[in-house]
Number of protein chains: 4
Amino acid sequence: MNYSSYLQLERLLSAQTLESERLNTPAHDEMLFIIIHQTYELWFKQVLFELDAVQTALAEDELDDREIADVARALERVLLIFKTLIGQVDILETMTPLDFLEFRDMLTPASGFQSVQFRLLESRLGLTRAERLSYDGRDYDSRLTEEDRARVREAEAAPSLLDQIQAWLERTPFVAMGDYDFRTAYESALDEALAADASIIETHPHMSEEERKTQLEGLKRSTQLLRALFDADRFEELRADGEWRMSREALQAALFIMLYRDEPAAQTPFRLLSQLMDLDEAMSVWRHRHALMAMRMIGRRVGTGGSSGHEYLSRAAERHRVFTDLFSLVTFLLPGSKRPPLPESIKTAMAYRYAGAAE
Amino acid sequence: MNYSSYLQLERLLSAQTLESERLNTPAHDEMLFIIIHQTYELWFKQVLFELDAVQTALAEDELDDREIADVARALERVLLIFKTLIGQVDILETMTPLDFLEFRDMLTPASGFQSVQFRLLESRLGLTRAERLSYDGRDYDSRLTEEDRARVREAEAAPSLLDQIQAWLERTPFVAMGDYDFRTAYESALDEALAADASIIETHPHMSEEERKTQLEGLKRSTQLLRALFDADRFEELRADGEWRMSREALQAALFIMLYRDEPAAQTPFRLLSQLMDLDEAMSVWRHRHALMAMRMIGRRVGTGGSSGHEYLSRAAERHRVFTDLFSLVTFLLPGSKRPPLPESIKTAMAYRYAGAAE
Amino acid sequence: MNYSSYLQLERLLSAQTLESERLNTPAHDEMLFIIIHQTYELWFKQVLFELDAVQTALAEDELDDREIADVARALERVLLIFKTLIGQVDILETMTPLDFLEFRDMLTPASGFQSVQFRLLESRLGLTRAERLSYDGRDYDSRLTEEDRARVREAEAAPSLLDQIQAWLERTPFVAMGDYDFRTAYESALDEALAADASIIETHPHMSEEERKTQLEGLKRSTQLLRALFDADRFEELRADGEWRMSREALQAALFIMLYRDEPAAQTPFRLLSQLMDLDEAMSVWRHRHALMAMRMIGRRVGTGGSSGHEYLSRAAERHRVFTDLFSLVTFLLPGSKRPPLPESIKTAMAYRYAGAAE
Amino acid sequence: MNYSSYLQLERLLSAQTLESERLNTPAHDEMLFIIIHQTYELWFKQVLFELDAVQTALAEDELDDREIADVARALERVLLIFKTLIGQVDILETMTPLDFLEFRDMLTPASGFQSVQFRLLESRLGLTRAERLSYDGRDYDSRLTEEDRARVREAEAAPSLLDQIQAWLERTPFVAMGDYDFRTAYESALDEALAADASIIETHPHMSEEERKTQLEGLKRSTQLLRALFDADRFEELRADGEWRMSREALQAALFIMLYRDEPAAQTPFRLLSQLMDLDEAMSVWRHRHALMAMRMIGRRVGTGGSSGHEYLSRAAERHRVFTDLFSLVTFLLPGSKRPPLPESIKTAMAYRYAGAAE
């Protein structure tokens with residue numbers, strides 16, 4: 001056992017074959033191009049490996065309160081990996097377009113779209129086939145090999161992280177426990193808050209009639225949106241329109257966790273929800289950076305794989321998101337002062353056993 | 001003279017007045033909200049200060065070959081400032097939406113849209129009133145004070161960095177010098193390259209007829225696009241359509257610099273062009289991060305200033321760009337092997353006097 | 001209420017007075033020098049503000065299980081602030097020594113050593129007067145004003161974060177609860193592990209006698225070190241020698257938390273301990289970067305304040321650390337497989353009340 | 001040609017064999033441990049590859065003025081790689097010591113000290129055997145395989161980057177050209193500056209006699225240090241003592257470039273010198289971070305390879321530096337106002353031929 005054999009360095013460090021050298025027109029920057037993509041793929045392997053552990057834990061009927069800390073730790077790691085992936089685009093951008101042109105045509109028709117690991121990652125997080133942008137009018141996986149396509153389809157068929165998070169949220173016991181029903185309590189608080197807002201607008205001394213009207217209409221729209229979370233039929237309509245992905249029960253639980261995040265039993269779950277939002281942001285930033293880099297490298301040309309390059313990537317940064325529900329939920333939060341207080345029984349249930357009652 | 005008096009710390013560190021404290025409902029996170037915005041504004045002041053120096057140097061009839069290194073150094077600094085601005089969004093995101101709600105309404109109708117320094121920065125870089133997105137159907141500067149609006153209009157009326165870079169590029173002496181005309185040389189090389197491409201497609205043994213047709217059509221479109229750079233009328237049509245911002249002469253010079261970047265007299269100019277692209281990217285990333293952060297903080301609500309929040313910022317990340325011409329120019333590059341060689345006379349003119357002749 | 005008045009921008013953005021301009025020899029880079037230091041001081045204010053909240057929470061006789069999540073959130077923020085402080089040294093390094101020389105002498109005898117906020121921060125974290133390096137043979141606070149010196153002494157006299165963390169750790173109920181005593185359980189496990197190690201060394205077939213001897217001696221030394229944590233007298237000797245800062249009880253509790261971090265009641269405490277280590281690292285990296293920057297700016301000269309510059313800062317990066325105990329504790333960890341299992345009663349006490357018993 | 005075959009992904013992604021799995025005690029975090037080290041080694045390969053190009057260019061008798069831009073671009077890339085290497089330590093630190101212990105002993109006696117690529121990198125930059133810290137009283141390469149040791153010795157025997165930079169600096173033509181001798185001009189300016197400093201001290205109205213004496217002594221010491229750069233014998237004494245690594249001629253040229261960095265022919269050379277300082281800093285930061293991480297992972301234990309871990313790495317961060325001469329040189333800079341003006345002839349020689357005369 002030594003460092004080199006353990007890390008299989010002989011294998012690893014001999015896996016860079018420059019196409020430009022094979023064709024006797026060596027292009028210096030091709031080495032960077034290969035190596036940076038290899039580090040990306042190594043990191044994707046690690047992300048998928050962490051996702052294995054996370055999804056195995058979440059696949060159980062009940063996520064053990066101990067294991068949830070492991071899940072949070074794994075997501076923390078994934079986030080830091082994405083920070084590195086984003087940051088190291090800077091390295092690739094030391095390759096100028098002129099340098100890239102020296103070997104670019106030699107790579108046709110290979111393309112980053114053929115990274116099966118990245119496709120798997122997207123699918124396993126919860127990006128569905130229907131939500132994906134097509135490119136050149138074709139299925140997103142049309143350029144994969146038969147074998148890779150099968151892997152992607154398998155991932156699509158299995159429960160995604162989004163599905164699992166939804167199921168986990170739906171099991172949150174505190175949302176309705178004994179006499180307590182969070183939904184009722186929350187709806188009343190919401191009513192009060194909205195009535196107070198309306199009253200302020202209606203009686204505001206320095207507001208023009210036009211402004212008053214605009215503000216009241218805005219409030220009405222907000223009210224409808226907010227009510228929908230507590231109205232099964234209206235919610236399903238919105239969900240069918242693509243406004244929400246998760247179930248109403250899951251969203252209510254997520255809202256509960258966001259509001260009462262400081263109770264012991266909500267602390268790690270709240271951290272988990274925050275990390276999912278962080279991850280969604282990080283992937284969007286990664287895609288955006290990638291899109292800018294592509295525009296810089298190939299201008300208005302099409303990508304080596306025939307993709308429309310920058311445009312596709314840029315739209316994907318906006319559209320290929322998974323946990324947007326958690327961002328939308330923010331609309332429903334009430335400030336701490338208007339947040340309905342938790343009954344003692346729920347506080348106690350959410351405390352550690354040794355500590356017993358809520359003070 | 002001591003540290004504190006020099007930095008006017010008494011003044012600086014007493015300039016944080018929490019609105020939530022004034023209203024007797026102290027919200028812990030308001031301090032962060034104030035301080036991070038203050039650091040942003042301090043950095044904007046620094047960026048504008050560097051831009052003063054850069055624009056003063058570029059305002060001269062001829063940019064001294066010595067001063068160009070100062071310009072590059074200033075831009076390097078601006079770039080690193082933007083990296084910091086982007087990175088520190090992470091700090092702001094430790095404030096959760098619930099924390100923000102505690103004091104958010106107290107800030108109405110103040111809004112980040114009222115940062116006159118940022119508006120000045122955009123205008124001075126070259127973002128024109130016409131290119132800007134309106135929000136809520138109003139002018140982008142409608143929410144500024146009268147005085148700030150005047151400052152912005154003054155900046156809009158003065159030559160922008162984009163204008164100055166264009167003028168500087170147009171003065172590049174080597175593009176046409178003595179017998180040499182880069183445009184002629186480049187067009188021939190382009191013709192040859194395109195003919196070679198066509199020949200490869202036409203004679204490729206493993207290509208279906210359909211694919212051959214598609215590829216030839218793609219090549220035809222590229223050819224038209226490329227030719228436009230050398231056809232005054234066609235170019236002006238494209239420019240009127242918003243495909244290009246800079247003049248044809250400036251673009252040709254930029255292309256020359258990109259192709260012959262290693263000649264001594266092109267080294268610092270090439271660095272400058274790269275930095276302008278870096279800056280354009282950095283500002284786009286900053287806007288994108290800002291848009292995600294806004295979505296996270298306020299969900300689907302409207303911003304404190306009445307802006308449509310996330311959506312506006314997200315579209316601005318894509319649209320409010322200035323130096324896109326330099327990215328588009330990449331489409332016109334030829335690989336080194338097909339790049340027309342420079343005549344000795346031009347190489348010599350671009351060398352240092354002590355070194356004299358080209359190798 | 002608008003953006004500019006809320007942020008007091010008029011005041012903030014007029015607080016940069018260039019000494020070089022006052023002396024009619026304007027030095028462009030002095031603006032950067034002032035502004036970056038001002039952002040540092042603004043961030044220090046924020047860090048102290050977070051520390052206020054953290055220390056107030058920890059000053060109570062018992063840290064409420066709800067508040068600990070707030071503490072962790074505040075520390076997360078402080079960490080990200082330090083990441084920004086470290087990263088933005090890059091901006092300062094765009095100022096070359098030559099640029100700095102243009103105004104450096106004008107600042108004498110002002111010096112970064114006079115940043116009272118940074119001194120307060122160090123003291124409040126737990127850096128004591130005795131542990132501090134002197135410079136130029138004088139007290140570290142000799143260059144502060146009388147008023148600032150008083151503030152520092154007051155901070156030194158009050159309980160530091162280190163003191164408070166120690167007290168909080170000492171109160172950890174699970175270390176000895178009912179019949180269970182972690183120390184006994186752990187010492188047995190340690191004995192077993194050490195005996196197993198000795199046996200492996202003694203019977204290893206491919207080890208030379210010399211190597212065997214060396215390894216056994218190493219094991220013996222480790223054993224003595226490990227035992228000391230459970231031997232009051234020996235421990236106090238080591239503590240008197242400066243090997244440990246915290247009490248034995250606090251260290252044992254920290255060890256317990258590190259080992260059983262997944263139990264619900266240990267999850268947030270474990271996160272807290274990790275953050276304290278992160279903070280200690282971040283401050284060391286900040287000092288190291290600062291030292292390199294100073295070396296770069298002034299070479300072998302002395303600092304504007306007469307400090308020995310690079311050398312002082314470099315030694316401080318190694319010496320001025322606070323939470324090293326937590327790093328040293330790592331030496332005592334046992335791998336999961338050798339970790340003594342928790343009795344059911346303790347697992348139950350550490351679970352949420354709703355969940356009741358450990359599975 | 002597809003993405004996967006081009007990047008040899010099958011090979012790359014199957015090169016992670018967990019020792020803990022082989023021994024039927026799978027440790028989740030071993031995957032991260034392997035993958036992050038593999039990305040490090042991939043990046044080291046890239047750094048060495050860039051160094052190949054840089055050293056090949058510098059090995060020529062004269063570095064072509066065109067090629068120097070390539071050298072600067074390669075160093076820029078290396079710097080960004082080091083930024084990534086430093087940043088991704090964060091990922092590794094998501095592995096806690098407890099997680100590491102699960103598989104740490106299985107790796108004995110493998111050790112990061114066995115990374116031959118890193119040893120080669122150090123040697124090729126210019127770290128000599130004599131300057132290296134020994135560890136455990138043994139040669140730094142004693143733990144390498146015979147074959148790797150041979151590679152390191154070969155690298156040690158070849159000219160290092162430091163040697164090549166020295167030779168390149170010594171060839172700088174402008175330091176003495178025609179009638180002009182930079183050394184004479186600079187020494188006079190230095191004399192004047194020092195005399196002015198002495199006069200200020202001697203006549204300062206608000207200085208105590210003691211302070212005056214201290215300041216004058218400090219000035220005397222500085223003067224001696226500064227003079228040494230122009231006194232062959234004294235310089236060689238200092239160099240023998242390890243105060244300087246490069247020759248006096250090289251240092252004088254570096255000083256010239258730093259002072260007249262804006263002249264066209266000095267612009268890219270100045271950038272190169274700055275990058276070498278950046279690289280030296282980046283490697284020091286990398287070592288420092290590595291040392292902190294090691295302390296965190298293994299506390300006071302010895303490393304898997306028997307190294308003294310943290311302490312060795314921490315001292316190396318301070319000692320294993322290569323381009324410290326450039327930092328020390330800063331001591332010799334004069335502010336722009338006292339910088340001796342360049343004669344027209346030198347300005348002209350340093351201008352581009354097309355531009356001809358100095359302004």
# chains A, B, ... in the order shown; residues from 1 in each chain; ligands from 1

$ interface_residues --of "chain B" --to "chain A" --cutoff "8 Å" --atoms "only C-alpha atoms" --output "ChimeraX atom specification"
/B:97-99,101-102,222,258-259,281,285,288-289,292,295-301,327-331,333-337

$ closest_residue --among "A:Glu249, A:Asp52, A:Asp141, A:Asp262" --to "Asp65 in chain C" --atoms "only C-alpha atoms"
A:Asp262

$ residues_around --residues "Val175 in chain C" --least-positions-apart "5" --cutoff "10 Å" --atoms "only C-alpha atoms" --output "PDB file with C-alpha atoms, in the first residue's frame"
ATOM      1  CA  LEU C 169     -20.147  22.026  27.766  1.00  0.00           C
ATOM      2  CA  GLU C 170     -19.749  21.385  31.480  1.00  0.00           C
ATOM      3  CA  TYR C 180     -24.288   5.878  33.057  1.00  0.00           C
ATOM      4  CA  ASP C 181     -20.871   7.411  33.202  1.00  0.00           C
ATOM      5  CA  PHE C 182     -19.336   8.197  29.859  1.00  0.00           C
ATOM      6  CA  ARG C 183     -15.859   8.421  31.306  1.00  0.00           C
ATOM      7  CA  GLU C 249     -15.267  18.289  32.277  1.00  0.00           C
ATOM      8  CA  GLN C 252     -15.087  15.191  28.147  1.00  0.00           C
ATOM      9  CA  ALA C 253     -18.440  16.614  27.132  1.00  0.00           C
ATOM     10  CA  ALA C 254     -17.032  17.818  23.823  1.00  0.00           C
ATOM     11  CA  LEU C 255     -15.656  14.325  23.229  1.00  0.00           C
ATOM     12  CA  PHE C 256     -19.053  12.843  24.033  1.00  0.00           C
ATOM     13  CA  ILE C 257     -20.725  15.159  21.522  1.00  0.00           C
ATOM     14  CA  ILE C 346     -29.288   7.794  27.276  1.00  0.00           C
TER      15      ILE C 346
END

$ atom_distance --atom1 "CA of Ile200 in chain B" --atom2 "CA of Gln215 in chain B"
10.4 Å

$ atom_distance --atom1 "CA of Ala193 in chain A" --atom2 "CA of Ser345 in chain A"
25.1 Å

$ residues_around --residues "Val54 in chain A" --least-positions-apart "6" --cutoff "9 Å" --atoms "only C-alpha atoms" --output "list in words"
Ile68, Asp70, Val71, Ala72, Ala74, Leu75 and Leu161 of chain A

$ write_last_selection --atoms "C-alpha atoms" --output "JSON list (two decimals), in the first residue's frame"
[["chain", "number", "residue", "atom", "x", "y", "z"],
["A", 68, "ILE", "CA", -31.26, 13.02, 9.14],
["A", 70, "ASP", "CA", -26.14, 12.30, 7.95],
["A", 71, "VAL", "CA", -28.38, 13.48, 5.15],
["A", 72, "ALA", "CA", -27.64, 17.10, 6.02],
["A", 74, "ALA", "CA", -24.05, 14.72, 2.71],
["A", 75, "LEU", "CA", -25.92, 17.68, 1.23],
["A", 161, "LEU", "CA", -35.06, 13.08, -4.22]]

$ select_by_dssp --residues "range 75-234 of chain D" --states "alpha helix (DSSP H)" --output "JSON, numbers by chain"
{"D": [75, 76, 77, 78, 79, 80, 81, 82, 83, 84, 85, 86, 87, 89, 90, 91, 92, 97, 98, 99, 100, 101, 102, 103, 104, 116, 117, 118, 119, 120, 121, 122, 123, 124, 125, 146, 147, 148, 149, 150, 151, 152, 153, 154, 155, 156, 157, 161, 162, 163, 164, 165, 166, 167, 168, 169, 170, 182, 183, 184, 185, 186, 187, 188, 189, 190, 191, 192, 193, 194, 195, 196, 197, 198, 199, 200, 201, 202, 203, 209, 210, 211, 212, 213, 214, 215, 216, 217, 218, 219, 220, 221, 222, 223, 224, 225, 226, 227, 228, 232, 233, 234]}

$ residues_around --residues "Asp197 in chain A" --least-positions-apart "3" --cutoff "12 Å" --atoms "only C-alpha atoms" --output "NGL selection string"
(:A and (190-194 or 200-204 or 212 or 215-220 or 222-223)) or (:B and (105))
